[in-house]
Amino acid sequence: MLVGTTGPVSQEVGLQVLKSGGTAADAAIATAMAQICLAAGSWVSFAGIMNVVYYEAASGRSYNMNASYNSVKGETEPETIPTNDLNEGIMNHEHTPVSGRTVLVPGFMKGAESLHERFGKLSMQEIVNPTIHCSEQGFKWNETLENLFQYREQVLTRDPDTKSLFTKSGGTPYKSGDLFRQPKLAATLKQFLRHGADHFYSGEWSEQLLAKVSAAGGKLSKEDLAAYDVVWSDPLATTYADYELLLHGASGGEDLVFAMNMVETAKLSSQGRFDEDAEVLFWISQIARIAPLVRVYGDRVSALLGISNLQQESLAKDTAEKLWPLVQQGKFPTVAAPRSIPAHSDGIVAVDPWGNAIAMVHTINTTFWGTNGMSVGGIPIPDSAAVQPRTIIATPPGERVSDTTTLGLVMNNGRPSMAFAAIGAGSTVRTLSSLVSSLDFSLSPQEVISLPALGRFVQDAQPATVDEFQEKVRTDAEAIGLKLLDKPELLGYWIGIRKNEDGMQGGSLRLQGERNGTVVAY
């Protein structure tokens, strides 16, 4: 079985790989590449990143693969990198000047190669060929991409190479229903089959990238690309009730561990489900909000708790036990206690016939091609440093950039019972609400996805699919101090596969049109 967040055609590619004898890793790589082709490199890219949690049935071991961005070694003043404030809106940067300083060292292609080398069964050619076919034969330009191009037209047409990718021979934009081909991308992927990931990190593609970035004032170097490598490690592990959670070990995984510990300590599920009880909804929202704030207010809260370093101890269960009473009393910075109440990404999860399981998220960590307008070999180059300035400033030059991707496995008696992944601005809170609903209330992945969606907390409001809550829950939530807000761009989207006594159950998210995901199985 395989589930993806967007592009049903891409999930069919992954399913065919499974049917051909490929592993979960083979299928996930093939699906991810097809997703990029069908997205025209807009929200995912071969110049993006790939993170994976993988269970190998033969050994019974689980692995974490980190192929996130590296910072640029020669970038010693990251605080002066031009930024895009997404609080102004994701589409308000058409006149942002091109800056090569916003380009980071990508990890997707190295990640794909490394994952295949460890856990692949089919040849890389069998995995990549469907995406080459997609690039050469093309697909029908759709309404989603037509709208995205309209927003980004000034960016995507100022560089001749990029303009040639996204406009017809006469320079006119593609319209919905037009056949859209990507021959430059197909040629680049054929070079990847001949030379491996070296083509992107020390070969011809890398030389073209360096030339473009340098011409735009960037500091990316030959050494930065050559030094890039994938980091393999054990997943970040914690327990919840009778389950073990294995998560991607970066800031997104740490936030989720903290949040799950808090929910378990608070015993929220004994009160009911978040979609049916306003107080549970309130605390799910507040706990998800607190998790990343630990890095901001760690010193202040450490003093309150009487511990030396909250950041270092935030993943411990006893920290949650100490912190929960303070949160209830409204003593955590920026988080209020409830008032009294009268009366940028794609995800893939897959399981193969041998029992291997994978959770993958790949992304560009920016929005819709970014604002650079650069492309190399048919691949748009995102401005991923521009939208995460605090993270870049905190990352030593030339080191791995921490990421907020949310993905993992739920283990039961040493074997995976669930694989999940989340995308979107609200991936942490959506994963928190989804795991609690599934693990504590035995909901299937599709039942979980049918619940109201939550998003990243903003100012004094909780983004959500407001109309999907019962009127009483909406009214009660506002009465105790939680304002629900319709803000779709801040929602999180979650997918999962769960195994129980009835077999495999899959759940795919709900999006509009061609971006809708699907569940495929045989």
# chains A, B, ... in the order shown; residues from 1 in each chain; ligands from 1
>>> residues_around(residues="His195 of chain A", least_positions_apart="3", cutoff="12 Å", atoms="only C-alpha atoms", output="ChimeraX atom specification")
/A:109,113,124-125,188-192,198-205
>>> write_last_selection(atoms="N, CA and C atoms", output="PDB file, in the first residue's frame")
ATOM      1  N   MET A 109      18.618  14.844  -4.301  1.00  0.00           N
ATOM      2  CA  MET A 109      19.209  13.825  -5.179  1.00  0.00           C
ATOM      3  C   MET A 109      20.186  12.922  -4.438  1.00  0.00           C
ATOM      4  N   GLU A 113      19.587   8.806  -3.931  1.00  0.00           N
ATOM      5  CA  GLU A 113      20.633   7.830  -4.234  1.00  0.00           C
ATOM      6  C   GLU A 113      20.992   7.001  -3.006  1.00  0.00           C
ATOM      7  N   MET A 124      17.899   1.811 -10.451  1.00  0.00           N
ATOM      8  CA  MET A 124      17.523   3.220 -10.424  1.00  0.00           C
ATOM      9  C   MET A 124      16.833   3.623 -11.721  1.00  0.00           C
ATOM     10  N   GLN A 125      17.215   2.995 -12.822  1.00  0.00           N
ATOM     11  CA  GLN A 125      16.572   3.307 -14.100  1.00  0.00           C
ATOM     12  C   GLN A 125      15.088   2.979 -14.059  1.00  0.00           C
ATOM     13  N   THR A 188      18.312  16.134 -17.822  1.00  0.00           N
ATOM     14  CA  THR A 188      19.043  16.148 -16.556  1.00  0.00           C
ATOM     15  C   THR A 188      18.905  14.822 -15.830  1.00  0.00           C
ATOM     16  N   LEU A 189      17.719  14.255 -15.824  1.00  0.00           N
ATOM     17  CA  LEU A 189      17.512  12.974 -15.150  1.00  0.00           C
ATOM     18  C   LEU A 189      18.254  11.837 -15.851  1.00  0.00           C
ATOM     19  N   LYS A 190      18.395  11.916 -17.168  1.00  0.00           N
ATOM     20  CA  LYS A 190      19.194  10.914 -17.883  1.00  0.00           C
ATOM     21  C   LYS A 190      20.659  11.011 -17.490  1.00  0.00           C
ATOM     22  N   GLN A 191      21.133  12.212 -17.252  1.00  0.00           N
ATOM     23  CA  GLN A 191      22.504  12.397 -16.766  1.00  0.00           C
ATOM     24  C   GLN A 191      22.654  11.823 -15.354  1.00  0.00           C
ATOM     25  N   PHE A 192      21.624  11.954 -14.559  1.00  0.00           N
ATOM     26  CA  PHE A 192      21.632  11.359 -13.222  1.00  0.00           C
ATOM     27  C   PHE A 192      21.766   9.836 -13.315  1.00  0.00           C
ATOM     28  N   ASP A 198      26.497  12.499  -8.347  1.00  0.00           N
ATOM     29  CA  ASP A 198      27.681  13.324  -8.623  1.00  0.00           C
ATOM     30  C   ASP A 198      27.388  14.371  -9.688  1.00  0.00           C
ATOM     31  N   HIS A 199      26.461  14.074 -10.596  1.00  0.00           N
ATOM     32  CA  HIS A 199      26.106  15.048 -11.631  1.00  0.00           C
ATOM     33  C   HIS A 199      25.633  16.356 -10.997  1.00  0.00           C
ATOM     34  N   PHE A 200      24.970  16.258  -9.828  1.00  0.00           N
ATOM     35  CA  PHE A 200      24.423  17.438  -9.157  1.00  0.00           C
ATOM     36  C   PHE A 200      25.407  18.071  -8.179  1.00  0.00           C
ATOM     37  N   TYR A 201      26.395  17.321  -7.732  1.00  0.00           N
ATOM     38  CA  TYR A 201      27.270  17.830  -6.677  1.00  0.00           C
ATOM     39  C   TYR A 201      28.714  18.073  -7.116  1.00  0.00           C
ATOM     40  N   SER A 202      29.099  17.526  -8.268  1.00  0.00           N
ATOM     41  CA  SER A 202      30.450  17.806  -8.772  1.00  0.00           C
ATOM     42  C   SER A 202      30.508  17.788 -10.285  1.00  0.00           C
ATOM     43  N   GLY A 203      29.397  17.537 -10.949  1.00  0.00           N
ATOM     44  CA  GLY A 203      29.367  17.436 -12.397  1.00  0.00           C
ATOM     45  C   GLY A 203      28.857  18.687 -13.080  1.00  0.00           C
ATOM     46  N   GLU A 204      28.366  18.503 -14.294  1.00  0.00           N
ATOM     47  CA  GLU A 204      27.967  19.625 -15.140  1.00  0.00           C
ATOM     48  C   GLU A 204      26.829  20.451 -14.531  1.00  0.00           C
ATOM     49  N   TRP A 205      25.851  19.772 -13.953  1.00  0.00           N
ATOM     50  CA  TRP A 205      24.735  20.517 -13.350  1.00  0.00           C
ATOM     51  C   TRP A 205      25.223  21.421 -12.236  1.00  0.00           C
TER      52      TRP A 205
END
>>> residues_around(residues="Ile127 of chain A", least_positions_apart="3", cutoff="10 Å", atoms="only C-alpha atoms", output="number ranges by chain")
A: 13-14, 16-17, 22, 26-31, 33-34, 116, 120-124, 130-132
>>> write_last_selection(atoms="C-alpha atoms", output="mmCIF file, in the first residue's frame")
data_model
loop_
_atom_site.group_PDB
_atom_site.id
_atom_site.type_symbol
_atom_site.label_atom_id
_atom_site.label_comp_id
_atom_site.auth_asym_id
_atom_site.auth_seq_id
_atom_site.Cartn_x
_atom_site.Cartn_y
_atom_site.Cartn_z
ATOM 1 C CA VAL A 13 3.756 5.291 -10.361
ATOM 2 C CA GLY A 14 4.722 4.154 -6.868
ATOM 3 C CA GLN A 16 3.556 0.033 -10.215
ATOM 4 C CA VAL A 17 7.016 -0.018 -8.629
ATOM 5 C CA GLY A 22 10.262 -2.844 -5.654
ATOM 6 C CA ASP A 26 11.908 2.229 -4.341
ATOM 7 C CA ALA A 27 8.229 3.154 -4.442
ATOM 8 C CA ALA A 28 8.670 6.282 -2.325
ATOM 9 C CA ILE A 29 11.545 7.567 -4.471
ATOM 10 C CA ALA A 30 9.595 6.951 -7.676
ATOM 11 C CA THR A 31 6.511 8.653 -6.253
ATOM 12 C CA MET A 33 10.129 12.186 -8.398
ATOM 13 C CA ALA A 34 6.789 11.912 -10.202
ATOM 14 C CA HIS A 116 18.159 3.423 -2.945
ATOM 15 C CA GLY A 120 16.394 -0.454 -3.014
ATOM 16 C CA LYS A 121 15.693 -3.606 -4.990
ATOM 17 C CA LEU A 122 14.913 -2.388 -8.512
ATOM 18 C CA SER A 123 17.457 -0.554 -10.652
ATOM 19 C CA MET A 124 17.523 3.220 -10.424
ATOM 20 C CA PRO A 130 8.409 7.055 -15.193
ATOM 21 C CA THR A 131 9.482 10.616 -14.346
ATOM 22 C CA ILE A 132 11.569 10.859 -17.511
#
>>> residues_around(residues="Val72 of chain A", least_positions_apart="5", cutoff="10 Å", atoms="only C-alpha atoms", output="list in words")
Pro78, Arg101, Thr102, Val103, Leu104, Val105, Gly218, Lys219, Leu220, Ser221, Glu223, Asp224, Leu225, Ala385, Ile392, Thr395, Pro396, Pro397, Gly398, Glu399, Arg400 and Val401 of chain A
>>> closest_residue(among="A:Asp242, A:Glu501, A:Glu489, A:Asp383", to="Asp440 of chain A", atoms="only C-alpha atoms")
A:Asp242
>>> closest_residue(among="A:Glu207, A:Asp403, A:Glu56, A:Asp502", to="Thr363 of chain A", atoms="only C-alpha atoms")
A:Asp403
>>> atom_distance(atom1="atom CA of Asn356 of chain A", atom2="atom CA of Asn51 of chain A")
16.5 Å
>>> closest_residue(among="A:Thr162, A:Tyr240, A:Gly272, A:Gly503", to="Phe441 of chain A", atoms="only C-alpha atoms")
A:Gly272
>>> select_by_dssp(residues="segment 208-447 of chain A", states="strand (DSSP E or B)", output="number ranges by chain")
A: 231-233, 236-240, 243-247, 346-351, 357-363, 375-376, 379-380, 400, 406-412, 415-424
>>> decode(residues="segment 64-75 of chain A", atoms="all heavy atoms", output="short mmCIF file (atom, residue, chain, number, x, y, z; two decimals), in the first residue's frame")
data_model
loop_
_atom_site.label_atom_id
_atom_site.label_comp_id
_atom_site.auth_asym_id
_atom_site.auth_seq_id
_atom_site.Cartn_x
_atom_site.Cartn_y
_atom_site.Cartn_z
N ASN A 64 16.80 6.64 10.40
CA ASN A 64 16.44 8.01 10.04
C ASN A 64 17.42 8.52 8.99
O ASN A 64 18.64 8.40 9.17
CB ASN A 64 16.50 8.93 11.26
CG ASN A 64 16.06 10.35 10.95
OD1 ASN A 64 14.87 10.63 10.83
ND2 ASN A 64 17.01 11.25 10.79
N MET A 65 16.90 9.03 7.89
CA MET A 65 17.75 9.62 6.85
C MET A 65 17.48 11.11 6.78
O MET A 65 16.34 11.54 6.57
CB MET A 65 17.48 8.99 5.49
CG MET A 65 18.48 9.45 4.41
SD MET A 65 17.96 9.02 2.72
CE MET A 65 16.83 10.37 2.37
N ASN A 66 18.52 11.89 6.95
CA ASN A 66 18.42 13.35 6.89
C ASN A 66 19.15 13.84 5.65
O ASN A 66 20.38 13.81 5.58
CB ASN A 66 19.04 13.97 8.15
CG ASN A 66 18.87 15.48 8.21
OD1 ASN A 66 18.97 16.17 7.19
ND2 ASN A 66 18.63 16.01 9.40
N ALA A 67 18.38 14.26 4.65
CA ALA A 67 18.94 14.88 3.45
C ALA A 67 18.38 16.28 3.31
O ALA A 67 17.89 16.69 2.27
CB ALA A 67 18.63 14.04 2.20
N SER A 68 18.43 17.01 4.43
CA SER A 68 18.00 18.40 4.45
C SER A 68 19.09 19.31 3.89
O SER A 68 20.20 18.86 3.57
CB SER A 68 17.64 18.83 5.88
OG SER A 68 16.41 18.28 6.29
N TYR A 69 18.78 20.59 3.81
CA TYR A 69 19.75 21.54 3.29
C TYR A 69 20.98 21.65 4.18
O TYR A 69 20.90 21.46 5.40
CB TYR A 69 19.12 22.94 3.21
CG TYR A 69 18.05 23.11 2.18
CD1 TYR A 69 16.73 23.34 2.55
CD2 TYR A 69 18.35 23.06 0.82
CE1 TYR A 69 15.73 23.53 1.59
CE2 TYR A 69 17.36 23.23 -0.14
CZ TYR A 69 16.06 23.46 0.26
OH TYR A 69 15.07 23.64 -0.69
N ASN A 70 22.11 21.99 3.58
CA ASN A 70 23.27 22.51 4.30
C ASN A 70 23.32 24.01 4.09
O ASN A 70 22.95 24.52 3.03
CB ASN A 70 24.57 21.89 3.77
CG ASN A 70 24.96 20.63 4.52
OD1 ASN A 70 24.20 20.12 5.33
ND2 ASN A 70 26.14 20.12 4.22
N SER A 71 23.80 24.71 5.11
CA SER A 71 24.08 26.13 4.93
C SER A 71 25.35 26.29 4.11
O SER A 71 26.08 25.33 3.87
CB SER A 71 24.22 26.82 6.29
OG SER A 71 25.30 26.25 7.02
N VAL A 72 25.60 27.51 3.68
CA VAL A 72 26.75 27.81 2.82
C VAL A 72 27.94 28.20 3.68
O VAL A 72 27.85 29.10 4.52
CB VAL A 72 26.38 28.94 1.83
CG1 VAL A 72 27.60 29.37 1.02
CG2 VAL A 72 25.26 28.47 0.90
N LYS A 73 29.06 27.52 3.47
CA LYS A 73 30.22 27.72 4.35
C LYS A 73 30.77 29.14 4.28
O LYS A 73 31.21 29.69 5.29
CB LYS A 73 31.33 26.71 3.98
CG LYS A 73 32.44 26.63 5.02
CD LYS A 73 33.34 25.45 4.76
CE LYS A 73 34.38 25.30 5.87
NZ LYS A 73 35.27 24.13 5.64
N GLY A 74 30.71 29.76 3.10
CA GLY A 74 31.24 31.11 2.96
C GLY A 74 30.28 32.20 3.38
O GLY A 74 30.61 33.39 3.33
N GLU A 75 29.07 31.81 3.82
CA GLU A 75 28.08 32.79 4.24
C GLU A 75 28.26 33.08 5.72
O GLU A 75 27.71 32.41 6.59
CB GLU A 75 26.67 32.27 3.96
CG GLU A 75 25.56 33.25 4.25
CD GLU A 75 25.68 34.53 3.47
OE1 GLU A 75 25.31 34.55 2.28
OE2 GLU A 75 26.16 35.53 4.06
#
